[in-house]
Structure formats: structure tokens, C-alpha cells
>>> print(open('upload30.cif').read())   # mmCIF, C-alpha atoms and all ligand atoms
data_protein
#
loop_
_atom_site.label_atom_id
_atom_site.label_comp_id
_atom_site.auth_asym_id
_atom_site.auth_seq_id
_atom_site.Cartn_x
_atom_site.Cartn_y
_atom_site.Cartn_z
CA MET A 1022 0.00 0.00 0.00
CA GLU A 1023 1.37 3.42 -0.94
CA GLU A 1024 1.82 5.66 2.07
CA LYS A 1025 0.16 9.04 1.92
CA VAL A 1026 2.40 12.07 2.02
CA ASP A 1027 1.67 15.46 0.59
CA ILE A 1028 4.64 16.94 -1.23
CA SER A 1029 2.63 19.65 -2.96
CA VAL A 1030 3.44 23.20 -1.89
CA GLU A 1031 1.78 26.56 -2.06
CA PHE A 1032 4.22 29.03 -3.55
CA ALA A 1033 3.15 32.69 -3.59
CA GLY A 1034 -0.44 31.56 -4.13
CA LEU A 1035 0.44 28.97 -6.79
CA LYS A 1036 -0.24 25.32 -6.13
CA LEU A 1037 2.80 23.23 -7.12
CA ALA A 1038 2.64 19.42 -7.38
CA ASN A 1039 6.02 19.26 -5.64
CA PRO A 1040 8.73 21.73 -4.56
CA VAL A 1041 11.24 21.01 -7.36
CA PHE A 1042 12.01 23.46 -10.19
CA THR A 1043 14.68 23.48 -12.87
CA ALA A 1044 16.92 26.56 -12.57
CA SER A 1045 17.11 29.21 -15.28
CA GLY A 1046 19.58 28.67 -18.09
CA THR A 1047 20.13 24.98 -17.44
CA CYS A 1048 17.18 23.51 -19.39
CA GLY A 1049 16.78 26.06 -22.18
CA TYR A 1050 13.15 26.66 -23.05
CA ALA A 1051 12.11 23.10 -22.11
CA ASP A 1052 11.94 21.49 -25.57
CA GLU A 1053 15.72 20.93 -25.50
CA MET A 1054 15.34 18.78 -22.37
CA ALA A 1055 12.03 17.07 -23.14
CA ASP A 1056 13.76 13.88 -24.36
CA PHE A 1057 15.83 13.57 -21.18
CA MET A 1058 13.50 14.54 -18.35
CA ASP A 1059 9.79 14.31 -17.59
CA LEU A 1060 8.92 17.98 -17.55
CA ASN A 1061 5.35 17.27 -16.47
CA SER A 1062 6.55 15.82 -13.19
CA LEU A 1063 8.32 19.03 -12.11
CA GLY A 1064 6.87 21.45 -9.62
CA GLY A 1065 7.98 24.31 -11.84
CA PHE A 1066 10.05 25.18 -14.89
CA ILE A 1067 12.08 28.38 -15.28
CA THR A 1068 13.19 29.41 -18.77
CA LYS A 1069 16.63 30.75 -19.55
CA SER A 1070 16.81 34.55 -19.42
CA ILE A 1071 14.84 36.35 -22.13
CA THR A 1072 15.81 39.83 -23.29
CA ALA A 1073 13.93 42.23 -25.55
CA ARG A 1074 16.09 41.44 -28.58
CA PRO A 1075 18.05 38.27 -29.48
CA ARG A 1076 21.57 38.07 -28.04
CA LYS A 1077 24.49 36.02 -29.31
CA GLY A 1078 26.14 36.07 -25.89
CA ASN A 1079 29.88 35.96 -25.18
CA PRO A 1080 32.56 34.46 -27.44
CA ASP A 1081 33.91 30.92 -26.79
CA PRO A 1082 35.16 29.43 -24.57
CA ARG A 1083 32.28 30.30 -22.27
CA ILE A 1084 32.18 27.24 -20.02
CA VAL A 1085 34.90 25.60 -17.94
CA GLU A 1086 34.69 22.81 -15.38
CA THR A 1087 36.13 23.40 -11.91
CA ASP A 1088 36.51 21.25 -8.80
CA SER A 1089 32.92 20.38 -7.81
CA GLY A 1090 31.41 22.91 -10.16
CA MET A 1091 31.66 24.93 -13.33
CA LEU A 1092 32.07 28.48 -14.53
CA ASN A 1093 29.80 29.86 -17.23
CA ALA A 1094 29.95 33.12 -19.11
CA ILE A 1095 27.13 32.52 -21.57
CA GLY A 1096 26.38 36.25 -21.63
CA LEU A 1097 22.60 35.89 -21.78
CA ALA A 1098 22.57 34.29 -25.23
CA ASN A 1099 18.89 33.92 -26.12
CA ILE A 1100 16.45 34.05 -29.00
CA GLY A 1101 14.78 37.28 -27.87
CA LEU A 1102 11.24 38.09 -26.84
CA GLU A 1103 9.36 37.80 -30.15
CA LYS A 1104 10.84 34.48 -31.21
CA PHE A 1105 10.28 33.15 -27.69
CA ILE A 1106 6.58 33.99 -27.92
CA GLU A 1107 6.23 32.58 -31.44
CA GLU A 1108 8.28 29.41 -31.13
CA LYS A 1109 8.73 28.44 -27.51
CA LEU A 1110 5.61 29.49 -25.64
CA PRO A 1111 3.34 27.14 -27.63
CA ILE A 1112 5.56 24.25 -26.43
CA LEU A 1113 5.69 25.45 -22.84
CA GLU A 1114 1.90 25.88 -22.77
CA LYS A 1115 1.46 22.11 -23.09
CA PHE A 1116 3.33 21.26 -19.90
CA LYS A 1117 1.54 20.64 -16.62
CA SER A 1118 4.34 22.22 -14.59
CA VAL A 1119 4.08 25.84 -13.49
CA ILE A 1120 6.03 28.06 -15.91
CA PHE A 1121 8.19 31.01 -14.87
CA VAL A 1122 9.93 33.13 -17.49
CA ASN A 1123 13.28 34.56 -16.43
CA ILE A 1124 13.68 38.15 -17.61
CA ALA A 1125 16.96 40.02 -18.07
CA GLY A 1126 17.91 43.40 -19.47
CA GLN A 1127 20.42 46.18 -19.67
CA THR A 1128 18.06 49.00 -18.71
CA ILE A 1129 14.98 49.17 -16.49
CA GLU A 1130 12.98 50.00 -19.62
CA GLU A 1131 14.02 46.69 -21.19
CA TYR A 1132 12.79 44.70 -18.18
CA ILE A 1133 9.50 46.61 -18.24
CA ALA A 1134 8.98 46.07 -21.98
CA VAL A 1135 9.56 42.31 -21.73
CA ALA A 1136 7.38 41.91 -18.63
CA GLU A 1137 4.56 44.00 -20.07
CA ARG A 1138 4.46 42.00 -23.30
CA LEU A 1139 4.64 38.61 -21.52
CA SER A 1140 2.07 39.57 -18.90
CA LYS A 1141 -0.63 39.00 -21.55
CA GLU A 1142 0.34 35.32 -21.90
CA LYS A 1143 -1.88 33.03 -19.85
CA ALA A 1144 0.52 30.07 -19.89
CA ILE A 1145 3.03 32.00 -17.81
CA ALA A 1146 2.47 31.86 -14.05
CA GLY A 1147 5.16 34.32 -13.16
CA PHE A 1148 8.47 35.97 -13.80
CA GLU A 1149 11.88 35.51 -12.27
CA LEU A 1150 13.87 38.74 -12.53
CA ASN A 1151 17.53 38.14 -13.24
CA ILE A 1152 19.00 41.28 -11.75
CA SER A 1153 22.60 40.09 -12.01
CA CYS A 1154 22.98 42.18 -15.17
CA PRO A 1155 24.96 45.40 -15.61
CA ASN A 1156 22.82 48.52 -16.00
CA VAL A 1157 24.28 50.22 -19.09
CA LYS A 1158 22.67 53.55 -18.17
CA LYS A 1159 24.33 53.54 -14.74
CA GLY A 1160 27.83 52.79 -15.98
CA GLY A 1161 27.57 49.03 -15.73
CA ILE A 1162 26.70 48.68 -12.04
CA THR A 1163 24.91 45.38 -11.55
CA PHE A 1164 21.21 46.05 -10.81
CA GLY A 1165 21.10 43.46 -8.07
CA THR A 1166 23.86 44.96 -5.94
CA GLU A 1167 22.14 48.27 -5.16
CA PRO A 1168 19.01 48.28 -2.95
CA GLU A 1169 17.60 51.42 -4.62
CA GLN A 1170 17.87 49.89 -8.07
CA VAL A 1171 16.37 46.62 -6.89
CA GLU A 1172 13.43 48.53 -5.45
CA GLN A 1173 12.98 50.58 -8.60
CA ILE A 1174 13.12 47.64 -11.00
CA THR A 1175 10.85 45.43 -8.86
CA ARG A 1176 8.23 48.16 -8.49
CA ALA A 1177 8.32 49.01 -12.20
CA VAL A 1178 7.94 45.40 -13.35
CA LYS A 1179 5.18 44.69 -10.82
CA ALA A 1180 3.26 47.74 -12.07
CA VAL A 1181 3.03 46.31 -15.61
CA SER A 1182 2.40 42.68 -14.65
CA ALA A 1183 0.17 42.74 -11.58
CA ASP A 1184 -1.48 39.40 -12.51
CA LYS A 1185 1.79 37.50 -12.55
CA ILE A 1186 3.83 36.20 -9.63
CA LEU A 1187 6.99 38.27 -9.39
CA MET A 1188 10.06 36.48 -8.09
CA VAL A 1189 13.31 38.41 -7.76
CA LYS A 1190 16.53 36.41 -8.11
CA LEU A 1191 19.26 37.49 -5.73
CA THR A 1192 22.97 37.57 -6.49
CA PRO A 1193 25.31 36.37 -3.73
CA SER A 1194 27.99 38.86 -4.84
CA VAL A 1195 26.92 41.54 -2.33
CA THR A 1196 27.92 42.59 1.18
CA ASP A 1197 24.50 41.95 2.75
CA ILE A 1198 22.04 39.84 0.78
CA SER A 1199 19.23 40.57 3.29
CA GLU A 1200 19.38 44.26 2.45
CA ILE A 1201 18.73 43.41 -1.21
CA ALA A 1202 16.00 40.92 -0.27
CA GLN A 1203 14.33 43.58 1.86
CA ALA A 1204 14.39 46.08 -1.01
CA ALA A 1205 12.69 43.58 -3.34
CA VAL A 1206 10.03 42.69 -0.78
CA LYS A 1207 9.34 46.35 0.01
CA ALA A 1208 8.75 46.99 -3.70
CA GLY A 1209 6.24 44.16 -4.05
CA ALA A 1210 8.15 40.96 -4.85
CA ASP A 1211 5.89 37.93 -4.30
CA ALA A 1212 8.82 35.53 -3.94
CA LEU A 1213 12.61 35.52 -3.89
CA SER A 1214 14.95 33.05 -5.54
CA LEU A 1215 18.53 32.57 -4.43
CA ILE A 1216 21.28 32.21 -5.29
CA ASN A 1217 22.62 33.15 -8.70
CA THR A 1218 26.25 32.27 -9.47
CA PHE A 1219 29.39 33.74 -7.87
CA THR A 1220 31.74 35.74 -10.10
CA ALA A 1221 34.92 33.67 -10.45
CA MET A 1222 37.97 33.03 -12.64
CA VAL A 1223 40.08 30.10 -13.88
CA ILE A 1224 43.59 30.76 -15.22
CA ASP A 1225 45.55 28.70 -17.75
CA ILE A 1226 49.11 28.78 -16.35
CA GLU A 1227 50.69 27.94 -19.74
CA THR A 1228 49.25 30.98 -21.49
CA GLN A 1229 48.85 32.97 -18.26
CA ARG A 1230 45.42 33.99 -19.51
CA PRO A 1231 41.94 33.44 -18.12
CA VAL A 1232 40.40 30.29 -19.63
CA LEU A 1233 37.10 32.02 -20.41
CA ALA A 1234 37.10 34.53 -23.26
CA ASN A 1235 35.04 36.78 -20.98
CA ARG A 1236 37.83 36.49 -18.33
CA THR A 1237 35.31 35.79 -15.56
CA GLY A 1238 32.26 33.57 -15.28
CA GLY A 1239 29.64 32.51 -12.76
CA LEU A 1240 30.55 29.64 -10.44
CA SER A 1241 27.78 27.09 -9.88
CA GLY A 1242 27.42 23.46 -8.81
CA PRO A 1243 28.14 21.53 -5.58
CA ALA A 1244 31.06 23.84 -4.70
CA ILE A 1245 28.63 26.64 -3.81
CA LYS A 1246 26.01 24.62 -1.93
CA PRO A 1247 27.01 25.30 1.71
CA ILE A 1248 27.18 29.05 1.00
CA ALA A 1249 23.80 28.94 -0.73
CA VAL A 1250 22.23 27.08 2.22
CA TYR A 1251 23.66 29.67 4.60
CA LEU A 1252 22.33 32.58 2.52
CA VAL A 1253 18.86 31.02 2.25
CA ASN A 1254 18.77 30.63 6.01
CA LYS A 1255 19.95 34.21 6.51
CA VAL A 1256 17.33 35.69 4.17
CA TYR A 1257 14.65 33.46 5.71
CA ASN A 1258 15.48 34.60 9.26
CA GLU A 1259 16.07 38.26 8.49
CA VAL A 1260 13.41 38.99 5.86
CA ALA A 1261 11.25 36.25 4.36
CA LYS A 1262 9.77 34.63 7.49
CA GLU A 1263 8.24 37.82 8.83
CA ALA A 1264 7.23 39.12 5.40
CA LYS A 1265 5.70 35.70 4.56
CA VAL A 1266 7.48 35.69 1.20
CA PRO A 1267 8.42 32.22 -0.08
CA LEU A 1268 12.01 31.41 -1.05
CA LEU A 1269 13.15 29.30 -3.98
CA GLY A 1270 16.50 27.92 -2.86
CA MET A 1271 19.23 26.86 -5.27
CA GLY A 1272 22.95 26.42 -5.59
CA GLY A 1273 24.66 23.06 -6.02
CA ILE A 1274 21.67 20.79 -5.48
CA ARG A 1275 22.34 17.21 -6.66
CA THR A 1276 20.27 15.01 -4.38
CA ALA A 1277 17.18 14.95 -2.18
CA VAL A 1278 19.46 15.41 0.84
CA ASP A 1279 20.71 18.69 -0.66
CA ALA A 1280 17.15 19.82 -1.45
CA LEU A 1281 16.00 18.98 2.09
CA GLU A 1282 18.84 21.05 3.58
CA PHE A 1283 17.55 24.08 1.67
CA ILE A 1284 13.97 23.44 2.82
CA ILE A 1285 15.00 23.09 6.47
CA ALA A 1286 17.02 26.31 6.06
CA GLY A 1287 13.88 28.17 4.97
CA ALA A 1288 13.12 27.45 1.31
CA THR A 1289 9.55 26.62 0.28
CA ALA A 1290 10.80 25.16 -3.01
CA VAL A 1291 14.17 24.39 -4.61
CA ALA A 1292 15.71 24.54 -8.08
CA VAL A 1293 18.26 22.26 -9.71
CA GLY A 1294 20.71 23.86 -12.15
CA THR A 1295 24.16 22.55 -13.02
CA TRP A 1296 23.33 19.00 -11.99
CA ASN A 1297 20.82 18.68 -14.85
CA PHE A 1298 23.85 18.51 -17.18
CA VAL A 1299 25.38 15.65 -15.20
CA GLU A 1300 22.23 13.66 -14.40
CA PRO A 1301 19.24 14.80 -16.48
CA ASP A 1302 16.90 12.71 -14.32
CA SER A 1303 18.13 14.23 -11.04
CA CYS A 1304 14.90 16.22 -10.51
CA LYS A 1305 12.86 13.01 -10.66
CA LYS A 1306 15.16 11.32 -8.12
CA ILE A 1307 15.04 14.36 -5.86
CA ILE A 1308 11.21 14.39 -5.92
CA GLU A 1309 11.15 10.68 -5.02
CA GLY A 1310 13.77 11.21 -2.29
CA ILE A 1311 11.79 14.03 -0.71
CA LYS A 1312 8.70 11.82 -0.66
CA GLN A 1313 10.64 8.97 0.97
CA TYR A 1314 12.08 11.30 3.63
CA CYS A 1315 8.55 12.43 4.50
CA ILE A 1316 7.43 8.82 4.83
CA ASP A 1317 10.43 7.88 6.99
CA LYS A 1318 10.10 10.94 9.22
CA LYS A 1319 6.28 10.76 9.34
CA ILE A 1320 5.95 14.26 7.90
CA SER A 1321 2.47 14.51 6.41
CA LYS A 1322 3.10 17.75 4.47
CA ILE A 1323 6.50 18.81 3.12
CA SER A 1324 5.63 22.47 3.65
CA GLU A 1325 5.76 21.83 7.41
CA LEU A 1326 9.51 21.32 7.06
CA THR A 1327 10.27 24.82 5.74
CA GLY A 1328 12.41 26.83 8.17
CA THR A 1329 12.55 24.13 10.84
CA LEU A 1330 16.29 24.49 11.43
CA LYS A 1331 17.03 23.95 15.14
CA SER A 1332 19.67 25.93 16.98
C1 LIG A 1401 25.08 27.17 -17.95
C2 LIG A 1401 24.29 28.05 -17.01
C3 LIG A 1401 23.48 29.03 -17.53
C4 LIG A 1401 22.74 29.86 -16.67
N1 LIG A 1401 21.92 30.82 -17.21
C5 LIG A 1401 21.17 31.60 -16.39
C6 LIG A 1401 20.27 32.55 -16.95
O1 LIG A 1401 20.09 32.65 -18.18
N2 LIG A 1401 19.57 33.34 -16.07
C7 LIG A 1401 19.70 33.23 -14.71
O2 LIG A 1401 19.03 33.96 -13.97
N3 LIG A 1401 20.52 32.29 -14.16
C8 LIG A 1401 21.25 31.49 -14.97
N4 LIG A 1401 22.09 30.54 -14.41
C9 LIG A 1401 22.20 30.42 -12.93
C10 LIG A 1401 21.34 29.25 -12.40
O3 LIG A 1401 19.97 29.45 -12.70
C11 LIG A 1401 21.52 29.07 -10.87
O4 LIG A 1401 21.11 30.24 -10.20
C12 LIG A 1401 22.97 28.77 -10.48
O5 LIG A 1401 23.63 28.02 -11.45
C13 LIG A 1401 23.07 28.05 -9.12
O6 LIG A 1401 22.46 26.79 -9.15
P1 LIG A 1401 23.24 25.40 -9.49
O7 LIG A 1401 24.48 25.41 -8.65
O8 LIG A 1401 22.29 24.31 -9.17
O9 LIG A 1401 23.57 25.45 -10.95
C14 LIG A 1401 22.84 29.71 -15.26
C15 LIG A 1401 23.67 28.70 -14.75
C16 LIG A 1401 24.38 27.87 -15.59
C17 LIG A 1401 25.26 26.78 -15.00
#
>>> encode(input="upload30.cif", output="C-alpha cells", more="lines below")
Ligand SMILES: Cc1cc2nc3c(=O)[nH]c(=O)nc-3n(C[C@H](O)[C@H](O)[C@H](O)COP(=O)(O)O)c2cc1C
Amino acid sequence: MEEKVDISVEFAGLKLANPVFTASGTCGYADEMADFMDLNSLGGFITKSITARPRKGNPDPRIVETDSGMLNAIGLANIGLEKFIEEKLPILEKFKSVIFVNIAGQTIEEYIAVAERLSKEKAIAGFELNISCPNVKKGGITFGTEPEQVEQITRAVKAVSADKILMVKLTPSVTDISEIAQAAVKAGADALSLINTFTAMVIDIETQRPVLANRTGGLSGPAIKPIAVYLVNKVYNEVAKEAKVPLLGMGGIRTAVDALEFIIAGATAVAVGTWNFVEPDSCKKIIEGIKQYCIDKKISKISELTGTLKS
């Protein structure tokens, strides 16, 4: 007899079948991964970042493996808003999983334009704002490192997409991540996702040059997991718990054990990124592992586990 456990979660008013998402940029627009993973079994799917116009991204090499992780400097390569709506949305619409579109831009106006246009699309449940992008109007300062800019961009996007769930994705490359989280919540973010990658570098000692053409890239994978768990717990304790804003935790998740750490730290749901490249069925195994943990620990609802870290 199958034991009854409820691994569905409520996430900013959305009902998810389970708390497992794929992280932005690691499963394209879904069709690329459809042969390798059961997209209908996911709690949620997040597209790679979409910008107003198509982008070629950075020159090669733009990926390098590191100890327990990888660096990427893809540079937001994507097909652009119009092609996404024409070619990819009809495919995404067919999936049962909740769909979030990740939005990026170089000016606040670009974020607003993309959000406004996509807010008309019923298949999209919400947006994830990638604010780890340099603001060209402000001399290249990353949006997500300045509380005032985070507030401004969150408020502006929310104003043109009130019907959609707005999740703001936090960069760990800041002095105090809670200050940024607070700015997003104050401006109307319905959820927060964390963390994006850490800026990092790998050097080829023969050429004495950086391996990536872009010099630096974002570090992801198991190497960053303990830092990500710590930051999720910090934002949960200092901002999200009181504000009742759900957290989507990510950074180095490979297994159900990793996912459960994030949930205990304060995440309502989790996302798997880099590990999809290593084990395309890892999300499925993680969902099964979470269910088994609930059975073993006699937890009737997974949501009861969020933020239960003991001192
Ligand atoms: C190849 C690659 C591409 C990514 N592209 C995006 C992107 O387009 N937008 C974004 O917000 N995050 C992007 N990310 C960051 C991930 O969504 C995630 O925040 C980060 O990798 C940490 O999770 P992980 O360690 O499980 O990969 C990318 C990560 C990787 C590895």
C-alpha cells in the first residue's frame, strides 16, 4: 500500500505538485530537455533569461569545469522576446508544470517592456527577474547589488504585470544579501529566488590567460552549496519569514538530501541547475527522495519542514 504524504506546496499563491524546479539557463526553453526529463513531473520550470532582442552572448570558450562545479559566461545568449513567444511558448503551454519566465535586461525600460508584453500570456504563471545584469545607463553597475535599483526595478515590473507572480533572483555577490531581499520585498516581490552564481575566474598557467574569453564567469554546482544554504537561512530569518514571502533555494543541489537542507534552512521550493547537465533525471530522483524522507520521518506535508532548522 502506498503511504500518503503530501509533497505539494503553495508558492506565492500557486499550487505546485512538488517543490522542485529546474533553474534558469540549465534547461533552455524546455523542448531541448524534453527527451531527457519528464517535464510534467516538475513542480515548476524556469526558462533561460529572455531579453527584448536576441543576443548572441559571449565568445567561446564560455564554459569551464572546476573542482565540484563549473564556470559559465554565456552572456545571456537567447532568442529574444518575439521568437520566444512565437516558437517556444506554444511548447511550454502544453506542460503541466508551473512556468516562470526569467527576464533580463540592460536598462529598467528593457525589463519593463519584456514583462509587459509577456504579462498577456496566460501560460506564464510568473516571472523571475535576473537582476545580475549590468545597467548600461548607470555605468555598468549590476542592478542586483544596489538596494535602490532593486526597489525601482521590482516596483516598475510589478506595475506592468500585476497578474503574474513576481520572483526576484538574488545575487550572492553583495555585502548583505538581506538588504537586497528587503528592497525587493518592500517593492512588491511575491517571492525571492537565491542564489545566482558567484563571479569567479580560472587561469591557464601555460598561457597565463583566463580560460574564459570573458575572463570571468559565474561559479555554480556543488562547490557553492554550503554558502547557498547559509544565505537562504539568513534571508529566511532576516526577511522572508516575517514578510511571509516564499524562497526558492538553489545552488549546487544534486540530491534529495541537498534539497531537504535548503527546505529546512527556509526554502519553500528548490531549483536544480548545473546537476541537470550531469544527471538529467536528477529532478525526478530528488522528488522521489523528498517523498521517501517524508514517509520515513512521518511528515504529512513537506511544507511543514520549511524553516525548521534547530539551533
Ligand atoms: C550554464 C548556465 C546558464 C545559466 N543561465 C542563467 C540565466 O540565463 N539566467 C539566470 O538567472 N541564471 C542562470 N544561471 C544560474 C542558475 O539558474 C543558478 O542560479 C545557479 O547556477 C546556481 O544553481 P546550481 O548550482 O544548481 O547550478 C545559469 C547557470 C548555468 C550553469
>>> residues_near_ligand(input="upload30.cif", ligand="ligand LIG 1401 (chain A)", cutoff="6 Å", atoms="all atoms listed in the file", output="VMD selection string")
chain A and resid 1044 to 1047 1069 to 1070 1093 1097 1151 1216 to 1218 1241 to 1242 1271 to 1274 1293 to 1295
>>> residues_around(input="upload30.cif", residues="Ile1124 of chain A", least_positions_apart="6", cutoff="8 Å", atoms="all atoms listed in the file", output="PyMOL selection string")
chain A and resi 1070-1072+1132+1135-1136+1148-1151
>>> axis_aligned_box(input="upload30.cif", around="segment 1212-1228 of chain A", padding_each_side="5 Å", output="AutoDock Vina command-line options")
--center_x 29.8 --center_y 31.8 --center_z -12.7 --size_x 51.9 --size_y 17.8 --size_z 27.6
>>> residues_near_point(input="upload30.cif", point="(7.0, 9.7, -1.9)", cutoff="10 Å", atoms="all atoms listed in the file", output="list of chain:residue names")
A:Glu1023, A:Glu1024, A:Lys1025, A:Val1026, A:Asp1027, A:Ile1028, A:Ile1308, A:Glu1309, A:Gly1310, A:Ile1311, A:Lys1312, A:Gln1313, A:Tyr1314, A:Cys1315, A:Ile1316, A:Asp1317
>>> closest_residue(input="upload30.cif", among="A:Ile1106, A:Val1195, A:Val1232, A:Ile1245", to="Ser1089 of chain A", atoms="only C-alpha atoms")
A:Ile1245
>>> residues_around(input="upload30.cif", residues="Cys1304 of chain A", least_positions_apart="6", cutoff="8 Å", atoms="all atoms listed in the file", output="PDB file with C-alpha atoms, in the coordinates of the input")
ATOM      1  CA  VAL A1041      11.240  21.010  -7.360  1.00  0.00           C
ATOM      2  CA  PHE A1042      12.010  23.460 -10.190  1.00  0.00           C
ATOM      3  CA  THR A1043      14.680  23.480 -12.870  1.00  0.00           C
ATOM      4  CA  LEU A1063       8.320  19.030 -12.110  1.00  0.00           C
ATOM      5  CA  VAL A1293      18.260  22.260  -9.710  1.00  0.00           C
ATOM      6  CA  ASN A1297      20.820  18.680 -14.850  1.00  0.00           C
TER       7      ASN A1297
END
>>> residues_near_point(input="upload30.cif", point="(14.6, 34.2, -26.6)", cutoff="7 Å", atoms="all atoms listed in the file", output="PyMOL selection string")
chain A and resi 1071-1072+1075+1099-1102+1104-1105
>>> atom_distance(input="upload30.cif", atom1="atom CA of Gly1049 of chain A", atom2="atom CA of Asp1081 of chain A")
18.4 Å
>>> atom_distance(input="upload30.cif", atom1="atom CA of Val1223 of chain A", atom2="atom CA of Thr1276 of chain A")
26.7 Å
>>> atom_distance(input="upload30.cif", atom1="atom CA of Phe1121 of chain A", atom2="atom CA of Met1188 of chain A")
8.9 Å
>>> closest_residue(input="upload30.cif", among="A:Ala1134, A:Ile1307, A:Ala1292, A:Ala1177", to="Ala1277 of chain A", atoms="all atoms listed in the file")
A:Ile1307
